[in-house]
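Participant: Okay, here's the structure, questions in a sec.
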Amino acid sequence: MDIATLGGQLLGQIPLGDIVLYLTPFNLFMFVGALIFTTLIAISRTETQVEAEFGSLNDNEVKVGLKEFKIRRFLAVVCGLATAGAMITGDVFNFTLLVALIGILNIGIVSAVKQIDVLNAAFQYGLIAMIASLPLFGGAAIILASTGTLSILEIAQLSFTTPMMFFASLLLILGIAGETGIAPFYATKAEMFRTPGSPFIIIIHLSSLLVIVRAIEILLIINKPF
Amino acid sequence: MKLGRLWNSLANPKRIPRVFSIILGVILLTGFLIPMALNDNQLYPRPVPQEQINQGNPLAPYDRGGEVLKEPGIVKSQYPQNEPNLGKITSYLTPIAISVKNSTIYYGTSIYSSPGGLIDEILYYTRGFDTVLESTILIMAFVIASWVALNFTMRREDE
């Protein structure tokens with residue numbers, strides 16, 4: 001599939017040496033959406049969870065402390081920017097680097113909480129994110145070896161697909177599945193949300209979602225199934 | 001086994017790294033069955049093996065020609081039109097490297113040699129954004145690790 005069928009008309013390119021970003025309405029929409037959500041997160045305050053206390057009529061408020069709030073806001077904003085970058089990049093290796101950055105920031109956003117269950121889940125997620133960097137970067141490397149280029153604009157112009165390119169895409173999607181924690185590896189991420197500090201937690205969800213959408217576009221461009 | 005039990009077992013975070021590793025191992029093993037199809041259009045043109053050594057070139061086998069800031073060496077890139085100065089520092093050698101080069105003909109294969117500014121040039125000039133992102137990943141990992149280390153040890157407030 002060529003870029004115009006998937007993302008609409010090619011609006012322009014931003015050349016940074018061998019790394020050329022390309023702009024289509026599809027990319028720009030997700031890029032601007034990620035930026036708007038990042039701005040909203042940067043100016044918003046966290047939620048407070050209210051738990052009923054056992055054996056009394058009082059409520060227990062689980063709040064986020066100021067120091068925790070600051071580091072989590074910083075990491076969430078960087079995560080939003082990395083997501084926006086992954087939406088607009090036109091280079092497979094840059095995309096994998098940004099996905100790895102998102103994976104590390106997702107651990108960081110929940111690393112400051114005090115709930116032990118959440119920390120355990122974040123530890124398991126960190127293990128997956130580390131293991132997933134092997135298929136992630138390996139997939140990008142095999143794409144480079146089998147197509148001879150990392151630029152998505154150049155890959156879109158190739159007229160052939162080889163089994164090796166399909167294998168590379170398989171590795172790439174496995175790496176992205178591990179880094180973003182989609183099914184069937186969702187359990188760690190689902191546990192990580194059981195903590196106060198809602199807008200920062202939501203960016204974990206949103207970044208995974210947008211990265212998956214963008215990864216599907218890149219894999220369709222590489223494999224040209226239709 | 002019922003499908004519901006299978007899904008339930010996947011809901012335990014402790015099992016997830018194992019499941020992931022098994023799936024990754026299976027896919028990597030199937031990789032051995034994939035026929036290799038390499039695209040070598042982008043490889044740098046290289047001289048015939050031993051050719052530079054037989055000529056007595058001290059930089060063999062890494063000599064790519066070129067003159068610093070005047071004449072580009074042999075370097076390929078994806079978009080040459082974006083990099084008009086590509087290859088111009090490929091032949092750069094430090095003063096120490098020049099003195100070593102003049103004293104021995106095995107400089108290119110010695111352990112302390114670097115083939116000019118080649119690696120730096122390819123990394124920083126053609127793919128500069130990659131190096132920015134890589135160091136961003138590192139610095140974010142350090143930010144998280146140092147914040148956790150400081151606030152869960154030294155500045156810990158007991159509750």
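Identifiers in this document derive from the order of the structure tokens: chains are assigned A, B, ..., residues are numbered from 1 separately in each chain, and ligands are numbered from 1 in order of occurrence.
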If we count only C-alpha atoms, which residues of chain B reach to within 8 Å of chain A? Please list them as a PDB file with N, CA and C atoms, in the first residue's frame.
Facilitator:
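The new file result-v5.pdb reads:
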```pdb
ATOM      1  N   LEU B  10      -3.664 -15.710  32.209  1.00  0.00           N
ATOM      2  CA  LEU B  10      -2.942 -14.586  31.604  1.00  0.00           C
ATOM      3  C   LEU B  10      -3.119 -13.303  32.397  1.00  0.00           C
ATOM      4  N   ALA B  11      -4.079 -13.287  33.332  1.00  0.00           N
ATOM      5  CA  ALA B  11      -4.340 -12.063  34.082  1.00  0.00           C
ATOM      6  C   ALA B  11      -3.401 -11.898  35.253  1.00  0.00           C
ATOM      7  N   ASN B  12      -2.485 -12.833  35.466  1.00  0.00           N
ATOM      8  CA  ASN B  12      -1.533 -12.717  36.569  1.00  0.00           C
ATOM      9  C   ASN B  12      -0.253 -12.054  36.053  1.00  0.00           C
ATOM     10  N   PRO B  13       0.065 -10.864  36.565  1.00  0.00           N
ATOM     11  CA  PRO B  13       1.228 -10.152  36.014  1.00  0.00           C
ATOM     12  C   PRO B  13       2.513 -10.954  36.085  1.00  0.00           C
ATOM     13  N   LYS B  14       2.661 -11.842  37.072  1.00  0.00           N
ATOM     14  CA  LYS B  14       3.924 -12.568  37.203  1.00  0.00           C
ATOM     15  C   LYS B  14       4.154 -13.527  36.054  1.00  0.00           C
ATOM     16  N   ILE B  16       3.301 -12.972  32.924  1.00  0.00           N
ATOM     17  CA  ILE B  16       3.384 -12.312  31.619  1.00  0.00           C
ATOM     18  C   ILE B  16       4.793 -12.342  31.025  1.00  0.00           C
ATOM     19  N   PRO B  17       5.861 -12.030  31.798  1.00  0.00           N
ATOM     20  CA  PRO B  17       7.193 -12.103  31.171  1.00  0.00           C
ATOM     21  C   PRO B  17       7.520 -13.484  30.634  1.00  0.00           C
ATOM     22  N   PHE B  20       5.559 -14.012  27.397  1.00  0.00           N
ATOM     23  CA  PHE B  20       6.177 -13.202  26.341  1.00  0.00           C
ATOM     24  C   PHE B  20       7.473 -13.836  25.851  1.00  0.00           C
ATOM     25  N   SER B  21       8.305 -14.308  26.797  1.00  0.00           N
ATOM     26  CA  SER B  21       9.578 -14.903  26.399  1.00  0.00           C
ATOM     27  C   SER B  21       9.370 -16.149  25.559  1.00  0.00           C
ATOM     28  N   LEU B  24       8.317 -15.112  22.112  1.00  0.00           N
ATOM     29  CA  LEU B  24       9.478 -14.544  21.415  1.00  0.00           C
ATOM     30  C   LEU B  24      10.441 -15.642  20.981  1.00  0.00           C
ATOM     31  N   ILE B  27       9.084 -17.475  17.937  1.00  0.00           N
ATOM     32  CA  ILE B  27       9.197 -16.676  16.701  1.00  0.00           C
ATOM     33  C   ILE B  27      10.648 -16.595  16.246  1.00  0.00           C
ATOM     34  N   GLY B  31      12.518 -18.044  12.762  1.00  0.00           N
ATOM     35  CA  GLY B  31      13.358 -17.206  11.918  1.00  0.00           C
ATOM     36  C   GLY B  31      14.422 -17.982  11.187  1.00  0.00           C
ATOM     37  N   ILE B  34      13.330 -18.942   7.690  1.00  0.00           N
ATOM     38  CA  ILE B  34      13.073 -17.895   6.697  1.00  0.00           C
ATOM     39  C   ILE B  34      14.261 -17.816   5.741  1.00  0.00           C
ATOM     40  N   PRO B  35      14.006 -17.847   4.434  1.00  0.00           N
ATOM     41  CA  PRO B  35      15.134 -17.698   3.504  1.00  0.00           C
ATOM     42  C   PRO B  35      15.719 -16.299   3.594  1.00  0.00           C
ATOM     43  N   MET B  36      17.053 -16.242   3.625  1.00  0.00           N
ATOM     44  CA  MET B  36      17.725 -14.948   3.726  1.00  0.00           C
ATOM     45  C   MET B  36      17.609 -14.226   2.393  1.00  0.00           C
ATOM     46  N   ALA B  37      17.149 -12.992   2.453  1.00  0.00           N
ATOM     47  CA  ALA B  37      17.090 -12.185   1.238  1.00  0.00           C
ATOM     48  C   ALA B  37      17.613 -10.805   1.605  1.00  0.00           C
ATOM     49  N   LEU B  38      18.895 -10.597   1.365  1.00  0.00           N
ATOM     50  CA  LEU B  38      19.494  -9.331   1.757  1.00  0.00           C
ATOM     51  C   LEU B  38      19.534  -8.388   0.568  1.00  0.00           C
ATOM     52  N   ASN B  39      19.304  -7.127   0.866  1.00  0.00           N
ATOM     53  CA  ASN B  39      19.385  -6.097  -0.155  1.00  0.00           C
ATOM     54  C   ASN B  39      20.715  -5.378   0.026  1.00  0.00           C
ATOM     55  N   ASP B  40      21.607  -5.555  -0.938  1.00  0.00           N
ATOM     56  CA  ASP B  40      22.947  -4.988  -0.761  1.00  0.00           C
ATOM     57  C   ASP B  40      23.163  -3.734  -1.594  1.00  0.00           C
ATOM     58  N   ASN B  41      22.066  -3.069  -2.014  1.00  0.00           N
ATOM     59  CA  ASN B  41      22.247  -1.845  -2.801  1.00  0.00           C
ATOM     60  C   ASN B  41      22.877  -0.738  -1.998  1.00  0.00           C
ATOM     61  N   GLN B  42      22.688  -0.785  -0.674  1.00  0.00           N
ATOM     62  CA  GLN B  42      23.132   0.327   0.150  1.00  0.00           C
ATOM     63  C   GLN B  42      24.515   0.114   0.737  1.00  0.00           C
ATOM     64  N   SER B  77      24.751   7.360   1.157  1.00  0.00           N
ATOM     65  CA  SER B  77      23.674   7.720   2.070  1.00  0.00           C
ATOM     66  C   SER B  77      22.354   7.624   1.330  1.00  0.00           C
ATOM     67  N   GLN B  78      21.264   7.634   2.110  1.00  0.00           N
ATOM     68  CA  GLN B  78      19.945   7.455   1.504  1.00  0.00           C
ATOM     69  C   GLN B  78      19.525   8.666   0.692  1.00  0.00           C
ATOM     70  N   TYR B  79      19.718   9.841   1.263  1.00  0.00           N
ATOM     71  CA  TYR B  79      19.323  11.070   0.580  1.00  0.00           C
ATOM     72  C   TYR B  79      20.549  11.959   0.422  1.00  0.00           C
ATOM     73  N   ASN B  82      20.352  15.805   0.729  1.00  0.00           N
ATOM     74  CA  ASN B  82      20.224  16.493   2.016  1.00  0.00           C
ATOM     75  C   ASN B  82      21.564  16.705   2.692  1.00  0.00           C
ATOM     76  N   GLU B  83      22.603  16.072   2.190  1.00  0.00           N
ATOM     77  CA  GLU B  83      23.896  16.130   2.878  1.00  0.00           C
ATOM     78  C   GLU B  83      24.982  16.502   1.879  1.00  0.00           C
ATOM     79  N   TYR B 125      26.077  13.025  11.222  1.00  0.00           N
ATOM     80  CA  TYR B 125      25.707  13.875  10.091  1.00  0.00           C
ATOM     81  C   TYR B 125      24.478  13.332   9.374  1.00  0.00           C
ATOM     82  N   THR B 126      24.462  12.048   9.064  1.00  0.00           N
ATOM     83  CA  THR B 126      23.313  11.550   8.317  1.00  0.00           C
ATOM     84  C   THR B 126      22.170  11.120   9.227  1.00  0.00           C
ATOM     85  N   ARG B 127      22.480  10.618  10.429  1.00  0.00           N
ATOM     86  CA  ARG B 127      21.413  10.141  11.301  1.00  0.00           C
ATOM     87  C   ARG B 127      21.501  10.811  12.662  1.00  0.00           C
ATOM     88  N   GLY B 128      21.625  12.136  12.660  1.00  0.00           N
ATOM     89  CA  GLY B 128      21.841  12.853  13.911  1.00  0.00           C
ATOM     90  C   GLY B 128      20.694  12.733  14.888  1.00  0.00           C
ATOM     91  N   PHE B 129      19.463  12.655  14.379  1.00  0.00           N
ATOM     92  CA  PHE B 129      18.305  12.608  15.270  1.00  0.00           C
ATOM     93  C   PHE B 129      18.297  11.327  16.100  1.00  0.00           C
ATOM     94  N   ASP B 130      18.877  10.242  15.537  1.00  0.00           N
ATOM     95  CA  ASP B 130      18.965   8.987  16.283  1.00  0.00           C
ATOM     96  C   ASP B 130      19.769   9.156  17.555  1.00  0.00           C
ATOM     97  N   LEU B 133      17.831  10.920  20.183  1.00  0.00           N
ATOM     98  CA  LEU B 133      16.813  10.086  20.820  1.00  0.00           C
ATOM     99  C   LEU B 133      17.441   9.066  21.750  1.00  0.00           C
ATOM    100  N   GLU B 134      18.578   8.470  21.322  1.00  0.00           N
ATOM    101  CA  GLU B 134      19.214   7.462  22.173  1.00  0.00           C
ATOM    102  C   GLU B 134      19.629   8.076  23.499  1.00  0.00           C
ATOM    103  N   THR B 136      18.307  10.650  24.830  1.00  0.00           N
ATOM    104  CA  THR B 136      17.102  10.988  25.580  1.00  0.00           C
ATOM    105  C   THR B 136      16.603   9.783  26.374  1.00  0.00           C
ATOM    106  N   ILE B 137      16.648   8.594  25.731  1.00  0.00           N
ATOM    107  CA  ILE B 137      16.231   7.384  26.447  1.00  0.00           C
ATOM    108  C   ILE B 137      17.106   7.189  27.678  1.00  0.00           C
ATOM    109  N   MET B 140      16.348   9.789  30.434  1.00  0.00           N
ATOM    110  CA  MET B 140      15.070   9.540  31.110  1.00  0.00           C
ATOM    111  C   MET B 140      15.211   8.363  32.085  1.00  0.00           C
ATOM    112  N   ALA B 141      15.954   7.338  31.660  1.00  0.00           N
ATOM    113  CA  ALA B 141      16.173   6.210  32.573  1.00  0.00           C
ATOM    114  C   ALA B 141      16.925   6.679  33.814  1.00  0.00           C
ATOM    115  N   ILE B 144      14.516   8.677  36.138  1.00  0.00           N
ATOM    116  CA  ILE B 144      13.620   7.810  36.917  1.00  0.00           C
ATOM    117  C   ILE B 144      14.401   7.112  38.032  1.00  0.00           C
ATOM    118  N   VAL B 148      13.801   7.698  42.049  1.00  0.00           N
ATOM    119  CA  VAL B 148      13.384   6.597  42.930  1.00  0.00           C
ATOM    120  C   VAL B 148      14.428   6.366  44.017  1.00  0.00           C
TER     121      VAL B 148
END
```
Participant: Could you give me the residues within chain B that DSSP places in alpha helix (DSSP H), as number ranges by chain?
Facilitator: B: 3-10, 16-30, 51-54, 95-103, 118-121, 128-149
Participant: I want to know what sits within 6 Å of region 3-13 of chain A, based on only C-alpha atoms, with residues of the same chain fewer than 5 positions away left out; could you give that as a list in words?
Facilitator: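 Contacts, with the query itself left out: Leu21, Tyr22, Leu23, Thr24, Pro25 and Phe26 of chain A.
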Participant: Please produce a file of those selected residues containing N, CA and C atoms, as a PDB file, in the first residue's frame.
Facilitator:
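Below you can see again_18.pdb, which holds the result:
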```pdb
ATOM      1  N   LEU A  21      11.099  13.175   7.740  1.00  0.00           N
ATOM      2  CA  LEU A  21       9.740  13.063   8.258  1.00  0.00           C
ATOM      3  C   LEU A  21       8.776  13.444   7.149  1.00  0.00           C
ATOM      4  N   TYR A  22       7.671  12.729   7.039  1.00  0.00           N
ATOM      5  CA  TYR A  22       6.692  13.118   6.036  1.00  0.00           C
ATOM      6  C   TYR A  22       5.366  13.439   6.704  1.00  0.00           C
ATOM      7  N   LEU A  23       4.638  14.348   6.098  1.00  0.00           N
ATOM      8  CA  LEU A  23       3.393  14.828   6.679  1.00  0.00           C
ATOM      9  C   LEU A  23       2.226  14.412   5.799  1.00  0.00           C
ATOM     10  N   THR A  24       1.307  13.626   6.369  1.00  0.00           N
ATOM     11  CA  THR A  24       0.041  13.346   5.705  1.00  0.00           C
ATOM     12  C   THR A  24      -1.064  13.764   6.678  1.00  0.00           C
ATOM     13  N   PRO A  25      -2.298  13.946   6.187  1.00  0.00           N
ATOM     14  CA  PRO A  25      -3.382  14.325   7.108  1.00  0.00           C
ATOM     15  C   PRO A  25      -3.532  13.338   8.267  1.00  0.00           C
ATOM     16  N   PHE A  26      -3.338  12.036   8.000  1.00  0.00           N
ATOM     17  CA  PHE A  26      -3.441  11.003   9.033  1.00  0.00           C
ATOM     18  C   PHE A  26      -2.406  11.222  10.139  1.00  0.00           C
TER      19      PHE A  26
END
```
Participant: Can you work out which one of B:Val26, B:Ala60, B:Val19, B:Leu43 has the shortest atom-to-atom distance to Ile105 (chain B), counting only C-alpha atoms?
Facilitator: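 Result for the nearest residue to Ile105 (chain B): B:Ala60.
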Participant: Would you mind reading off the distance between CA of Pro61 (chain B) and CA of Gly73 (chain B), one decimal, in Å?
Facilitator: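 These atoms are spaced 14.2 Å apart.
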